[in-house]
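Visitor: For reference, this is my_file38.cif, and it has mmCIF, C-alpha atoms, pLDDT in the B column; chains and numbers go by the auth columns.
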```cif
data_run
loop_
_atom_site.group_PDB
_atom_site.id
_atom_site.type_symbol
_atom_site.label_atom_id
_atom_site.label_comp_id
_atom_site.label_asym_id
_atom_site.label_seq_id
_atom_site.Cartn_x
_atom_site.Cartn_y
_atom_site.Cartn_z
_atom_site.B_iso_or_equiv
_atom_site.auth_seq_id
_atom_site.auth_asym_id
ATOM 1 C CA MET A 1 5.223 -28.122 6.307 84.00 169 A
ATOM 2 C CA GLY A 2 3.134 -25.180 5.187 90.00 170 A
ATOM 3 C CA ARG A 3 2.662 -24.017 1.617 92.00 171 A
ATOM 4 C CA PHE A 4 3.096 -20.481 0.375 97.00 172 A
ATOM 5 C CA SER A 5 3.147 -18.553 -2.884 97.00 173 A
ATOM 6 C CA LYS A 6 5.586 -15.819 -3.836 98.00 174 A
ATOM 7 C CA MET A 7 3.731 -13.074 -5.709 97.00 175 A
ATOM 8 C CA HIS A 8 4.235 -9.452 -6.636 97.00 176 A
ATOM 9 C CA GLY A 9 2.437 -6.411 -7.954 96.00 177 A
ATOM 10 C CA LEU A 10 4.817 -4.226 -9.999 96.00 178 A
ATOM 11 C CA GLY A 11 7.757 -5.592 -8.009 94.00 179 A
ATOM 12 C CA ASN A 12 6.162 -4.983 -4.596 94.00 180 A
ATOM 13 C CA ASP A 13 6.605 -8.596 -3.444 96.00 181 A
ATOM 14 C CA PHE A 14 4.699 -10.837 -1.059 97.00 182 A
ATOM 15 C CA VAL A 15 4.798 -14.180 0.672 98.00 183 A
ATOM 16 C CA VAL A 16 1.159 -15.321 0.547 98.00 184 A
ATOM 17 C CA ILE A 17 0.073 -18.035 3.001 97.00 185 A
ATOM 18 C CA ASP A 18 -3.280 -19.828 2.762 95.00 186 A
ATOM 19 C CA ALA A 19 -4.588 -20.269 6.313 94.00 187 A
ATOM 20 C CA ARG A 20 -8.184 -21.100 5.380 94.00 188 A
ATOM 21 C CA VAL A 21 -7.849 -24.826 6.164 91.00 189 A
ATOM 22 C CA ASP A 22 -4.729 -25.050 8.323 89.00 190 A
ATOM 23 C CA ALA A 23 -4.424 -22.064 10.654 90.00 191 A
ATOM 24 C CA VAL A 24 -1.030 -20.373 10.902 92.00 192 A
ATOM 25 C CA GLU A 25 -0.191 -18.447 14.061 93.00 193 A
ATOM 26 C CA MET A 26 1.444 -15.203 12.961 95.00 194 A
ATOM 27 C CA THR A 27 3.337 -12.958 15.356 95.00 195 A
ATOM 28 C CA GLN A 28 5.346 -9.834 14.694 96.00 196 A
ATOM 29 C CA GLY A 29 8.584 -11.731 15.199 97.00 197 A
ATOM 30 C CA ARG A 30 7.587 -14.595 12.897 97.00 198 A
ATOM 31 C CA ALA A 31 6.411 -12.221 10.158 97.00 199 A
ATOM 32 C CA ARG A 32 9.672 -10.273 10.406 97.00 200 A
ATOM 33 C CA ALA A 33 11.729 -13.493 10.204 97.00 201 A
ATOM 34 C CA ILE A 34 9.839 -14.786 7.142 97.00 202 A
ATOM 35 C CA ALA A 35 10.223 -11.395 5.410 97.00 203 A
ATOM 36 C CA ASP A 36 13.989 -11.293 6.009 97.00 204 A
ATOM 37 C CA ARG A 37 15.671 -11.469 2.586 96.00 205 A
ATOM 38 C CA HIS A 38 18.854 -13.071 3.948 96.00 206 A
ATOM 39 C CA ALA A 39 17.693 -15.540 6.607 95.00 207 A
ATOM 40 C CA GLY A 40 14.027 -15.976 5.619 96.00 208 A
ATOM 41 C CA ILE A 41 11.980 -16.222 2.419 97.00 209 A
ATOM 42 C CA GLY A 42 12.056 -12.487 1.750 97.00 210 A
ATOM 43 C CA CYS A 43 9.285 -10.039 0.926 96.00 211 A
ATOM 44 C CA ASP A 44 8.027 -6.490 1.382 95.00 212 A
ATOM 45 C CA GLN A 45 4.838 -7.787 3.009 96.00 213 A
ATOM 46 C CA LEU A 46 3.561 -11.109 4.304 97.00 214 A
ATOM 47 C CA ILE A 47 -0.080 -11.874 3.421 98.00 215 A
ATOM 48 C CA LEU A 48 -2.207 -14.308 5.416 97.00 216 A
ATOM 49 C CA ILE A 49 -5.389 -15.467 3.643 97.00 217 A
ATOM 50 C CA GLY A 50 -8.112 -16.701 5.988 96.00 218 A
ATOM 51 C CA ASN A 51 -11.859 -17.225 6.252 96.00 219 A
ATOM 52 C CA ALA A 52 -14.417 -14.460 6.801 97.00 220 A
ATOM 53 C CA ASP A 53 -18.092 -14.497 7.801 96.00 221 A
ATOM 54 C CA ASP A 54 -18.992 -11.521 5.601 96.00 222 A
ATOM 55 C CA ALA A 55 -16.652 -12.026 2.619 97.00 223 A
ATOM 56 C CA ASP A 56 -15.095 -14.714 0.446 98.00 224 A
ATOM 57 C CA VAL A 57 -11.766 -14.471 2.273 97.00 225 A
ATOM 58 C CA SER A 58 -9.953 -12.355 4.834 97.00 226 A
ATOM 59 C CA MET A 59 -6.518 -10.806 4.341 97.00 227 A
ATOM 60 C CA GLN A 60 -4.025 -9.941 7.082 97.00 228 A
ATOM 61 C CA ILE A 61 -1.043 -7.833 6.053 97.00 229 A
ATOM 62 C CA PHE A 62 2.303 -7.728 7.851 97.00 230 A
ATOM 63 C CA ASN A 63 5.072 -5.344 6.805 95.00 231 A
ATOM 64 C CA ALA A 64 8.695 -6.442 6.591 95.00 232 A
ATOM 65 C CA ASP A 65 9.277 -5.091 10.118 95.00 233 A
ATOM 66 C CA GLY A 66 6.532 -7.384 11.425 96.00 234 A
ATOM 67 C CA SER A 67 3.948 -4.665 12.030 95.00 235 A
ATOM 68 C CA GLU A 68 0.378 -5.458 10.977 95.00 236 A
ATOM 69 C CA VAL A 69 -1.239 -2.846 8.730 92.00 237 A
ATOM 70 C CA GLU A 70 -4.696 -2.129 7.410 90.00 238 A
ATOM 71 C CA ALA A 71 -4.338 -2.130 3.631 89.00 239 A
ATOM 72 C CA CYS A 72 -2.040 -2.957 0.724 93.00 240 A
ATOM 73 C CA GLY A 73 -3.249 -2.223 -2.792 93.00 241 A
ATOM 74 C CA ASN A 74 -0.703 -4.328 -4.659 95.00 242 A
ATOM 75 C CA ALA A 75 -1.353 -7.330 -2.416 96.00 243 A
ATOM 76 C CA THR A 76 -5.104 -6.912 -2.864 96.00 244 A
ATOM 77 C CA ARG A 77 -4.670 -7.336 -6.631 96.00 245 A
ATOM 78 C CA CYS A 78 -2.802 -10.598 -5.977 97.00 246 A
ATOM 79 C CA VAL A 79 -5.631 -12.148 -3.929 97.00 247 A
ATOM 80 C CA PRO A 80 -8.037 -12.977 -6.792 97.00 248 A
ATOM 81 C CA LEU A 81 -5.097 -14.465 -8.710 96.00 249 A
ATOM 82 C CA PHE A 82 -4.156 -16.533 -5.643 96.00 250 A
ATOM 83 C CA VAL A 83 -7.745 -17.696 -5.031 95.00 251 A
ATOM 84 C CA GLY A 84 -8.506 -18.158 -8.737 95.00 252 A
ATOM 85 C CA ARG A 85 -11.630 -16.013 -9.048 96.00 253 A
ATOM 86 C CA ASP A 86 -13.227 -12.658 -8.252 97.00 254 A
ATOM 87 C CA VAL A 87 -13.349 -12.171 -4.475 97.00 255 A
ATOM 88 C CA LEU A 88 -14.772 -9.942 -1.788 97.00 256 A
ATOM 89 C CA ILE A 89 -11.980 -9.468 0.760 97.00 257 A
ATOM 90 C CA ARG A 90 -12.301 -8.593 4.447 96.00 258 A
ATOM 91 C CA THR A 91 -9.382 -6.394 5.610 95.00 259 A
ATOM 92 C CA ARG A 92 -8.772 -4.174 8.609 91.00 260 A
ATOM 93 C CA ALA A 93 -9.574 -1.284 6.250 88.00 261 A
ATOM 94 C CA GLY A 94 -12.973 -2.743 5.338 92.00 262 A
ATOM 95 C CA LEU A 95 -14.393 -4.834 2.508 94.00 263 A
ATOM 96 C CA LEU A 96 -12.578 -4.689 -0.843 95.00 264 A
ATOM 97 C CA ASP A 97 -14.015 -6.030 -4.103 96.00 265 A
ATOM 98 C CA ALA A 98 -11.306 -7.473 -6.405 97.00 266 A
ATOM 99 C CA LYS A 99 -12.013 -8.714 -9.929 97.00 267 A
ATOM 100 C CA VAL A 100 -9.695 -10.671 -12.207 96.00 268 A
ATOM 101 C CA ILE A 101 -8.702 -8.989 -15.475 94.00 269 A
ATOM 102 C CA ASP A 102 -6.189 -10.058 -18.095 91.00 270 A
ATOM 103 C CA GLY A 103 -2.775 -9.893 -16.421 88.00 271 A
ATOM 104 C CA GLY A 104 -3.967 -8.588 -13.083 93.00 272 A
ATOM 105 C CA ALA A 105 -6.967 -7.236 -11.224 97.00 273 A
ATOM 106 C CA ARG A 106 -9.252 -4.270 -10.750 97.00 274 A
ATOM 107 C CA VAL A 107 -10.038 -3.366 -7.145 96.00 275 A
ATOM 108 C CA ASP A 108 -12.639 -1.080 -5.618 96.00 276 A
ATOM 109 C CA MET A 109 -10.525 0.395 -2.815 95.00 277 A
ATOM 110 C CA GLY A 110 -13.417 2.159 -1.094 94.00 278 A
ATOM 111 C CA ALA A 111 -13.863 5.849 -0.373 97.00 279 A
ATOM 112 C CA PRO A 112 -10.937 8.026 0.750 98.00 280 A
ATOM 113 C CA ARG A 113 -11.097 9.932 4.032 98.00 281 A
ATOM 114 C CA PHE A 114 -9.785 13.432 4.621 98.00 282 A
ATOM 115 C CA ASP A 115 -10.636 14.429 8.212 98.00 283 A
ATOM 116 C CA TRP A 116 -7.489 15.096 10.221 98.00 284 A
ATOM 117 C CA ASP A 117 -8.432 12.546 12.889 98.00 285 A
ATOM 118 C CA ALA A 118 -9.129 9.892 10.226 98.00 286 A
ATOM 119 C CA ILE A 119 -5.615 10.122 8.761 98.00 287 A
ATOM 120 C CA PRO A 120 -4.764 10.243 11.753 98.00 288 A
ATOM 121 C CA LEU A 121 -2.852 13.445 12.599 98.00 289 A
ATOM 122 C CA ALA A 122 -1.822 14.475 16.081 98.00 290 A
ATOM 123 C CA TYR A 123 -3.870 17.683 15.898 97.00 291 A
ATOM 124 C CA ALA A 124 -6.396 19.407 13.662 98.00 292 A
ATOM 125 C CA MET A 125 -5.355 20.959 10.358 98.00 293 A
ATOM 126 C CA ASP A 126 -6.453 21.219 6.744 98.00 294 A
ATOM 127 C CA THR A 127 -5.429 17.968 5.024 98.00 295 A
ATOM 128 C CA LEU A 128 -5.612 19.352 1.475 98.00 296 A
ATOM 129 C CA THR A 129 -2.744 21.790 2.093 98.00 297 A
ATOM 130 C CA MET A 130 -1.219 20.970 5.450 98.00 298 A
ATOM 131 C CA SER A 131 0.282 23.672 7.656 96.00 299 A
ATOM 132 C CA ALA A 132 3.421 21.553 8.050 94.00 300 A
ATOM 133 C CA SER A 133 6.395 20.622 5.920 89.00 301 A
ATOM 134 C CA TRP A 134 9.935 19.278 6.124 96.00 302 A
ATOM 135 C CA GLU A 135 13.076 21.036 4.893 95.00 303 A
ATOM 136 C CA ASP A 136 12.509 22.336 1.329 94.00 304 A
ATOM 137 C CA LEU A 137 9.501 20.164 0.568 98.00 305 A
ATOM 138 C CA PRO A 138 6.233 21.955 -0.285 98.00 306 A
ATOM 139 C CA ALA A 139 3.203 21.753 1.995 98.00 307 A
ATOM 140 C CA PRO A 140 1.744 18.258 1.565 98.00 308 A
ATOM 141 C CA ALA A 141 -1.730 16.754 1.456 98.00 309 A
ATOM 142 C CA ALA A 142 -2.918 13.839 3.602 98.00 310 A
ATOM 143 C CA VAL A 143 -5.363 11.077 2.659 98.00 311 A
ATOM 144 C CA ASN A 144 -6.477 7.881 4.350 98.00 312 A
ATOM 145 C CA VAL A 145 -7.247 5.105 1.844 97.00 313 A
ATOM 146 C CA GLY A 146 -7.505 2.381 4.471 93.00 314 A
ATOM 147 C CA ASN A 147 -4.045 3.356 5.701 95.00 315 A
ATOM 148 C CA PRO A 148 -2.463 6.803 6.259 97.00 316 A
ATOM 149 C CA HIS A 149 -0.639 8.690 3.484 98.00 317 A
ATOM 150 C CA VAL A 150 1.054 12.065 3.182 98.00 318 A
ATOM 151 C CA ILE A 151 1.732 13.352 -0.346 98.00 319 A
ATOM 152 C CA PHE A 152 4.312 15.898 -1.512 98.00 320 A
ATOM 153 C CA PHE A 153 3.945 17.292 -5.047 98.00 321 A
ATOM 154 C CA VAL A 154 7.433 18.353 -6.125 98.00 322 A
ATOM 155 C CA GLU A 155 8.880 20.049 -9.207 97.00 323 A
ATOM 156 C CA ASP A 156 11.709 17.529 -9.746 98.00 324 A
ATOM 157 C CA LEU A 157 11.228 14.063 -8.274 98.00 325 A
ATOM 158 C CA ASP A 158 14.790 13.018 -9.118 97.00 326 A
ATOM 159 C CA ALA A 159 16.179 15.818 -6.938 97.00 327 A
ATOM 160 C CA VAL A 160 14.423 14.588 -3.762 98.00 328 A
ATOM 161 C CA ASP A 161 16.424 12.445 -1.321 98.00 329 A
ATOM 162 C CA THR A 162 13.548 10.037 -0.730 98.00 330 A
ATOM 163 C CA ALA A 163 15.634 7.474 1.158 98.00 331 A
ATOM 164 C CA ARG A 164 16.707 10.072 3.727 98.00 332 A
ATOM 165 C CA LEU A 165 13.473 12.050 4.070 98.00 333 A
ATOM 166 C CA GLY A 166 11.112 9.061 4.043 98.00 334 A
ATOM 167 C CA PRO A 167 11.944 7.643 7.487 98.00 335 A
ATOM 168 C CA ILE A 168 12.136 11.117 9.048 98.00 336 A
ATOM 169 C CA ILE A 169 8.587 11.930 7.935 98.00 337 A
ATOM 170 C CA GLU A 170 7.204 8.413 8.568 98.00 338 A
ATOM 171 C CA THR A 171 8.063 8.635 12.271 98.00 339 A
ATOM 172 C CA ASP A 172 7.303 12.326 12.854 98.00 340 A
ATOM 173 C CA PRO A 173 5.122 12.867 15.957 98.00 341 A
ATOM 174 C CA LEU A 174 2.518 14.551 13.721 98.00 342 A
ATOM 175 C CA PHE A 175 1.575 11.018 12.642 98.00 343 A
ATOM 176 C CA PRO A 176 0.670 8.955 15.735 98.00 344 A
ATOM 177 C CA ALA A 177 0.202 5.764 13.646 96.00 345 A
ATOM 178 C CA ARG A 178 3.235 6.586 11.477 97.00 346 A
ATOM 179 C CA VAL A 179 2.569 7.332 7.802 98.00 347 A
ATOM 180 C CA ASN A 180 3.311 6.265 4.238 97.00 348 A
ATOM 181 C CA VAL A 181 5.281 9.027 2.503 98.00 349 A
ATOM 182 C CA ASN A 182 4.571 9.782 -1.169 98.00 350 A
ATOM 183 C CA PHE A 183 6.829 11.950 -3.342 98.00 351 A
ATOM 184 C CA ALA A 184 5.036 12.836 -6.585 98.00 352 A
ATOM 185 C CA GLN A 185 5.657 14.829 -9.750 98.00 353 A
ATOM 186 C CA VAL A 186 2.758 15.755 -12.039 98.00 354 A
ATOM 187 C CA MET A 187 3.817 14.915 -15.592 98.00 355 A
ATOM 188 C CA GLY A 188 0.592 15.860 -17.395 97.00 356 A
ATOM 189 C CA ASP A 189 -3.163 16.225 -17.041 97.00 357 A
ATOM 190 C CA ASP A 190 -3.556 12.485 -16.436 97.00 358 A
ATOM 191 C CA HIS A 191 -0.054 11.298 -15.499 98.00 359 A
ATOM 192 C CA ILE A 192 1.916 11.283 -12.218 98.00 360 A
ATOM 193 C CA ARG A 193 5.359 9.913 -11.342 98.00 361 A
ATOM 194 C CA LEU A 194 5.549 8.551 -7.820 98.00 362 A
ATOM 195 C CA ILE A 195 8.086 7.185 -5.332 98.00 363 A
ATOM 196 C CA VAL A 196 6.797 5.869 -1.995 98.00 364 A
ATOM 197 C CA TRP A 197 8.504 5.321 1.325 98.00 365 A
ATOM 198 C CA GLU A 198 6.216 2.700 2.861 96.00 366 A
ATOM 199 C CA ARG A 199 5.551 2.646 6.571 95.00 367 A
ATOM 200 C CA GLY A 200 7.362 -0.363 8.008 90.00 368 A
ATOM 201 C CA ALA A 201 8.853 -1.436 4.674 91.00 369 A
ATOM 202 C CA GLY A 202 10.893 1.478 3.295 94.00 370 A
ATOM 203 C CA LEU A 203 11.297 2.194 -0.407 95.00 371 A
ATOM 204 C CA THR A 204 9.440 -0.360 -2.515 91.00 372 A
ATOM 205 C CA ARG A 205 9.068 -0.861 -6.254 93.00 373 A
ATOM 206 C CA ALA A 206 5.406 0.097 -6.050 95.00 374 A
ATOM 207 C CA CYS A 207 2.677 1.005 -3.565 96.00 375 A
ATOM 208 C CA GLY A 208 -0.941 0.572 -4.618 96.00 376 A
ATOM 209 C CA THR A 209 -2.497 2.531 -1.766 96.00 377 A
ATOM 210 C CA GLY A 210 0.124 5.253 -2.323 97.00 378 A
ATOM 211 C CA ALA A 211 -0.900 5.515 -5.966 98.00 379 A
ATOM 212 C CA CYS A 212 -4.541 5.779 -4.884 98.00 380 A
ATOM 213 C CA ALA A 213 -3.860 8.431 -2.237 98.00 381 A
ATOM 214 C CA THR A 214 -1.650 10.465 -4.575 98.00 382 A
ATOM 215 C CA ALA A 215 -4.157 10.418 -7.442 98.00 383 A
ATOM 216 C CA VAL A 216 -6.958 11.433 -5.077 98.00 384 A
ATOM 217 C CA ALA A 217 -4.908 14.319 -3.640 98.00 385 A
ATOM 218 C CA ALA A 218 -3.981 15.475 -7.159 98.00 386 A
ATOM 219 C CA VAL A 219 -7.625 15.427 -8.279 98.00 387 A
ATOM 220 C CA ARG A 220 -8.643 17.367 -5.149 98.00 388 A
ATOM 221 C CA ARG A 221 -5.981 19.985 -5.914 98.00 389 A
ATOM 222 C CA LYS A 222 -7.134 20.085 -9.553 97.00 390 A
ATOM 223 C CA LEU A 223 -3.658 19.083 -10.763 98.00 391 A
ATOM 224 C CA VAL A 224 -4.984 16.164 -12.852 98.00 392 A
ATOM 225 C CA ARG A 225 -8.223 14.630 -14.044 93.00 393 A
ATOM 226 C CA GLY A 226 -9.024 10.942 -13.916 86.00 394 A
ATOM 227 C CA PRO A 227 -8.418 8.263 -14.846 97.00 395 A
ATOM 228 C CA VAL A 228 -4.792 8.885 -13.854 98.00 396 A
ATOM 229 C CA THR A 229 -1.762 6.828 -14.856 98.00 397 A
ATOM 230 C CA VAL A 230 0.552 6.628 -11.840 98.00 398 A
ATOM 231 C CA SER A 231 4.084 5.581 -12.827 98.00 399 A
ATOM 232 C CA LEU A 232 6.096 3.911 -10.055 98.00 400 A
ATOM 233 C CA PRO A 233 9.591 2.401 -10.302 97.00 401 A
ATOM 234 C CA GLY A 234 7.995 -1.016 -10.914 96.00 402 A
ATOM 235 C CA GLY A 235 5.468 0.097 -13.531 97.00 403 A
ATOM 236 C CA ASP A 236 2.108 1.799 -14.013 98.00 404 A
ATOM 237 C CA LEU A 237 -1.236 1.700 -12.205 98.00 405 A
ATOM 238 C CA ILE A 238 -4.483 3.237 -13.426 98.00 406 A
ATOM 239 C CA ILE A 239 -6.375 5.076 -10.692 98.00 407 A
ATOM 240 C CA ASP A 240 -9.861 6.525 -11.198 98.00 408 A
ATOM 241 C CA TRP A 241 -11.723 8.587 -8.610 98.00 409 A
ATOM 242 C CA THR A 242 -14.542 11.098 -8.743 96.00 410 A
ATOM 243 C CA PRO A 243 -15.116 13.243 -5.635 96.00 411 A
ATOM 244 C CA GLY A 244 -17.748 11.593 -3.473 96.00 412 A
ATOM 245 C CA GLY A 245 -17.099 8.145 -4.966 97.00 413 A
ATOM 246 C CA THR A 246 -14.859 5.168 -4.373 97.00 414 A
ATOM 247 C CA ILE A 247 -11.390 4.590 -5.822 98.00 415 A
ATOM 248 C CA SER A 248 -10.829 2.154 -8.685 97.00 416 A
ATOM 249 C CA MET A 249 -7.312 0.727 -9.029 97.00 417 A
ATOM 250 C CA THR A 250 -6.300 -1.367 -12.044 98.00 418 A
ATOM 251 C CA GLY A 251 -2.934 -3.029 -12.511 97.00 419 A
ATOM 252 C CA PRO A 252 -0.927 -6.226 -12.881 96.00 420 A
ATOM 253 C CA ALA A 253 -0.421 -9.073 -10.436 96.00 421 A
ATOM 254 C CA THR A 254 2.126 -11.853 -10.883 96.00 422 A
ATOM 255 C CA HIS A 255 2.499 -15.332 -9.418 97.00 423 A
ATOM 256 C CA VAL A 256 6.229 -16.164 -9.232 97.00 424 A
ATOM 257 C CA PHE A 257 6.485 -19.589 -7.579 97.00 425 A
ATOM 258 C CA ASP A 258 5.091 -21.885 -4.873 97.00 426 A
ATOM 259 C CA GLY A 259 7.052 -23.314 -1.985 96.00 427 A
ATOM 260 C CA GLU A 260 6.916 -25.081 1.356 95.00 428 A
ATOM 261 C CA ALA A 261 8.270 -24.022 4.734 95.00 429 A
ATOM 262 C CA ASP A 262 8.208 -25.159 8.341 94.00 430 A
ATOM 263 C CA TRP A 263 6.674 -22.101 10.049 94.00 431 A
ATOM 264 C CA SER A 264 7.861 -23.309 13.473 92.00 432 A
ATOM 265 C CA ARG A 265 11.438 -22.570 12.356 92.00 433 A
ATOM 266 C CA PHE A 266 10.717 -18.845 12.062 95.00 434 A
#
```
Starting from the file, lay out its structure as structure tokens.
Guide:
Amino acid sequence: MGRFSKMHGLGNDFVVIDARVDAVEMTQGRARAIADRHAGIGCDQLILIGNADDADVSMQIFNADGSEVEACGNATRCVPLFVGRDVLIRTRAGLLDAKVIDGGARVDMGAPRFDWDAIPLAYAMDTLTMSASWEDLPAPAAVNVGNPHVIFFVEDLDAVDTARLGPIIETDPLFPARVNVNFAQVMGDDHIRLIVWERGAGLTRACGTGACATAVAAVRRKLVRGPVTVSLPGGDLIIDWTPGGTISMTGPATHVFDGEADWSRF
């Protein structure tokens, strides 16, 4: 039997497995089966905590469809709570520094990237105001914050059919690695409402990297000034970024329960 913890950040929920002592072989099929909310444990993402030569721990992230991805902001905030102290985390997106605060964590998410081939896009274009759009949506911005994001700033967020447009944009050939799709409405000089269609997971209660990417794009377009409160369906995150610097993300993390499972059954 293997132990796991169920955790969430603003309702974006995770099955967190400690593989530092007892290794757990994780495949796309096994991750998908564990994430299944009807026949498995159920989660938006599965998180595998391991050892790292250059950090306190490593973190592997698997979406609900079993695909492995580079970064997850909400999961990153859960790691210091899971480990019980401040941690330097090795991810596919790089090293992330996560510090425990009352009720959650503050994470240095690293520096955003804006070059078209770093997003990545299929061909060169300006990523601040892209020469592409879908239906009636305005021209978006694109930002890589360890994983790829496209951001649409709309007049009325409630009028956007996010569930229909999200998967269309996620799988558009313009995005060879697929993309996380952010629909945002600027509510004030330091406040944004946001709904995210996550690559490989669909609509979630919150997306930490989406909040980071959206705040960065809004600062670049001079729509807001930091620190920015980003309000998602699950609650608020505080994102602070100054051009040329790294992104600070502050928000809650919650431990729900611990359990045991026989991983060979998945």
Visitor: Could I get the residues of segment 259-341 of chain A with an atom no further than 6 Å from an atom of segment 234-244 of chain A, each paired with its nearest atom pair and that distance in Å to one decimal, using all atoms listed in the file, sorted by chain and residue number, as a tab-separated table?
Guide:
```
residue	atom	partner	partner_atom	distance
A:Arg260	CA	A:Glu238	CA	4.7
A:Ala261	CA	A:Glu238	CA	5.1
A:Gly314	CA	A:Ala239	CA	5.6
A:Asn315	CA	A:Glu238	CA	5.8
```
Visitor: Show which residues sit within 8 Å of Gly177 of chain A, as a PDB file with C-alpha atoms, in the frame of the given file. Count only C-alpha atoms, and ignore same-chain residues fewer than 5 positions away.
Guide:
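Done, and the output landed in part_32.pdb:
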```pdb
ATOM      1  CA  ASN A 242      -0.703  -4.328  -4.659  1.00 95.00           C
ATOM      2  CA  ALA A 243      -1.353  -7.330  -2.416  1.00 96.00           C
ATOM      3  CA  ARG A 245      -4.670  -7.336  -6.631  1.00 96.00           C
ATOM      4  CA  CYS A 246      -2.802 -10.598  -5.977  1.00 97.00           C
ATOM      5  CA  ALA A 374       5.406   0.097  -6.050  1.00 95.00           C
ATOM      6  CA  GLY A 419      -2.934  -3.029 -12.511  1.00 97.00           C
ATOM      7  CA  PRO A 420      -0.927  -6.226 -12.881  1.00 96.00           C
ATOM      8  CA  ALA A 421      -0.421  -9.073 -10.436  1.00 96.00           C
ATOM      9  CA  THR A 422       2.126 -11.853 -10.883  1.00 96.00           C
TER      10      THR A 422
END
```
Visitor: Can you tell me which residues surround segment 338-344 of chain A at a distance of at most 10 Å, considering all atoms listed in the file, apart from same-chain residues fewer than 5 positions away, and format the answer as a PDB file with C-alpha atoms, in the frame of the given file?
Guide:
```pdb
ATOM      1  CA  ILE A 287      -5.615  10.122   8.761  1.00 98.00           C
ATOM      2  CA  PRO A 288      -4.764  10.243  11.753  1.00 98.00           C
ATOM      3  CA  LEU A 289      -2.852  13.445  12.599  1.00 98.00           C
ATOM      4  CA  ALA A 290      -1.822  14.475  16.081  1.00 98.00           C
ATOM      5  CA  TYR A 291      -3.870  17.683  15.898  1.00 97.00           C
ATOM      6  CA  ALA A 300       3.421  21.553   8.050  1.00 94.00           C
ATOM      7  CA  PRO A 316      -2.463   6.803   6.259  1.00 97.00           C
ATOM      8  CA  HIS A 317      -0.639   8.690   3.484  1.00 98.00           C
ATOM      9  CA  VAL A 318       1.054  12.065   3.182  1.00 98.00           C
ATOM     10  CA  LEU A 333      13.473  12.050   4.070  1.00 98.00           C
ATOM     11  CA  VAL A 349       5.281   9.027   2.503  1.00 98.00           C
ATOM     12  CA  TRP A 365       8.504   5.321   1.325  1.00 98.00           C
ATOM     13  CA  GLU A 366       6.216   2.700   2.861  1.00 96.00           C
ATOM     14  CA  ARG A 367       5.551   2.646   6.571  1.00 95.00           C
ATOM     15  CA  GLY A 368       7.362  -0.363   8.008  1.00 90.00           C
ATOM     16  CA  GLY A 370      10.893   1.478   3.295  1.00 94.00           C
TER      17      GLY A 370
END
```
Visitor: Please write the residues picked by the PyMOL selection byres ((chain A and resi 383) around 9) on this file as an MDAnalysis selection string.
Guide: chainID A and resid 360 378:382 384:388 392:398 407:409
Visitor: Would you kindly return, as a PyMOL selection string, each protein, DNA or RNA residue with an atom no farther than 8 Å from any atom of Leu305 of chain A, considering only C-alpha atoms and excluding same-chain residues fewer than 2 positions away?
Guide: chain A and resi 301-303+307+320+322
Visitor: Any idea what the distance is between atom CA of Arg274 of chain A and atom CA of Pro401 of chain A?
Guide: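 Taking atom CA of Arg274 of chain A as the start and atom CA of Pro401 of chain A as the end point, the length is 20.0 Å.
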Visitor: Quick one: which residues end up in the PyMOL selection byres ((chain A and resi 263-271) around 7) for this structure, as a PyMOL selection string?
Guide: chain A and resi 245+248-249+253-259+262+272-278+420-421
Visitor: Could you save those same residues with C-alpha atoms as a PDB file, keeping the file's coordinate frame?
Guide:
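What landed in again-v9.pdb:
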```
ATOM      1  CA  ARG A 245      -4.670  -7.336  -6.631  1.00 96.00           C
ATOM      2  CA  PRO A 248      -8.037 -12.977  -6.792  1.00 97.00           C
ATOM      3  CA  LEU A 249      -5.097 -14.465  -8.710  1.00 96.00           C
ATOM      4  CA  ARG A 253     -11.630 -16.013  -9.048  1.00 96.00           C
ATOM      5  CA  ASP A 254     -13.227 -12.658  -8.252  1.00 97.00           C
ATOM      6  CA  VAL A 255     -13.349 -12.171  -4.475  1.00 97.00           C
ATOM      7  CA  LEU A 256     -14.772  -9.942  -1.788  1.00 97.00           C
ATOM      8  CA  ILE A 257     -11.980  -9.468   0.760  1.00 97.00           C
ATOM      9  CA  ARG A 258     -12.301  -8.593   4.447  1.00 96.00           C
ATOM     10  CA  THR A 259      -9.382  -6.394   5.610  1.00 95.00           C
ATOM     11  CA  GLY A 262     -12.973  -2.743   5.338  1.00 92.00           C
ATOM     12  CA  GLY A 272      -3.967  -8.588 -13.083  1.00 93.00           C
ATOM     13  CA  ALA A 273      -6.967  -7.236 -11.224  1.00 97.00           C
ATOM     14  CA  ARG A 274      -9.252  -4.270 -10.750  1.00 97.00           C
ATOM     15  CA  VAL A 275     -10.038  -3.366  -7.145  1.00 96.00           C
ATOM     16  CA  ASP A 276     -12.639  -1.080  -5.618  1.00 96.00           C
ATOM     17  CA  MET A 277     -10.525   0.395  -2.815  1.00 95.00           C
ATOM     18  CA  GLY A 278     -13.417   2.159  -1.094  1.00 94.00           C
ATOM     19  CA  PRO A 420      -0.927  -6.226 -12.881  1.00 96.00           C
ATOM     20  CA  ALA A 421      -0.421  -9.073 -10.436  1.00 96.00           C
TER      21      ALA A 421
END
```
Visitor: Expanded to explicit residues, what is the PyMOL selection byres ((chain A and resi 186) around 7) for this file, as a VMD selection string?
Guide: chain A and resid 172 184 to 185 187 to 188 216 to 218
Visitor: For a quick check of understanding, using all atoms listed in the file, which of A:Gly402, A:Gly170, A:Gly413, A:Gly376 has the smallest distance to Arg281 of chain A?
Guide: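 Under the stated criterion, the closest residue is A:Gly413.
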Visitor: What does the distance from atom CA of Asp204 of chain A to atom CA of Thr372 of chain A come to in Å, to one decimal?
Guide: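 Spanning atom CA of Asp204 of chain A to atom CA of Thr372 of chain A is a straight-line distance of 14.6 Å.
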Visitor: Between A:Thr295, A:Arg373, A:His359, A:Ala191, single out the one closest to Cys211 of chain A, counting all atoms listed in the file.
Guide: A:Arg373
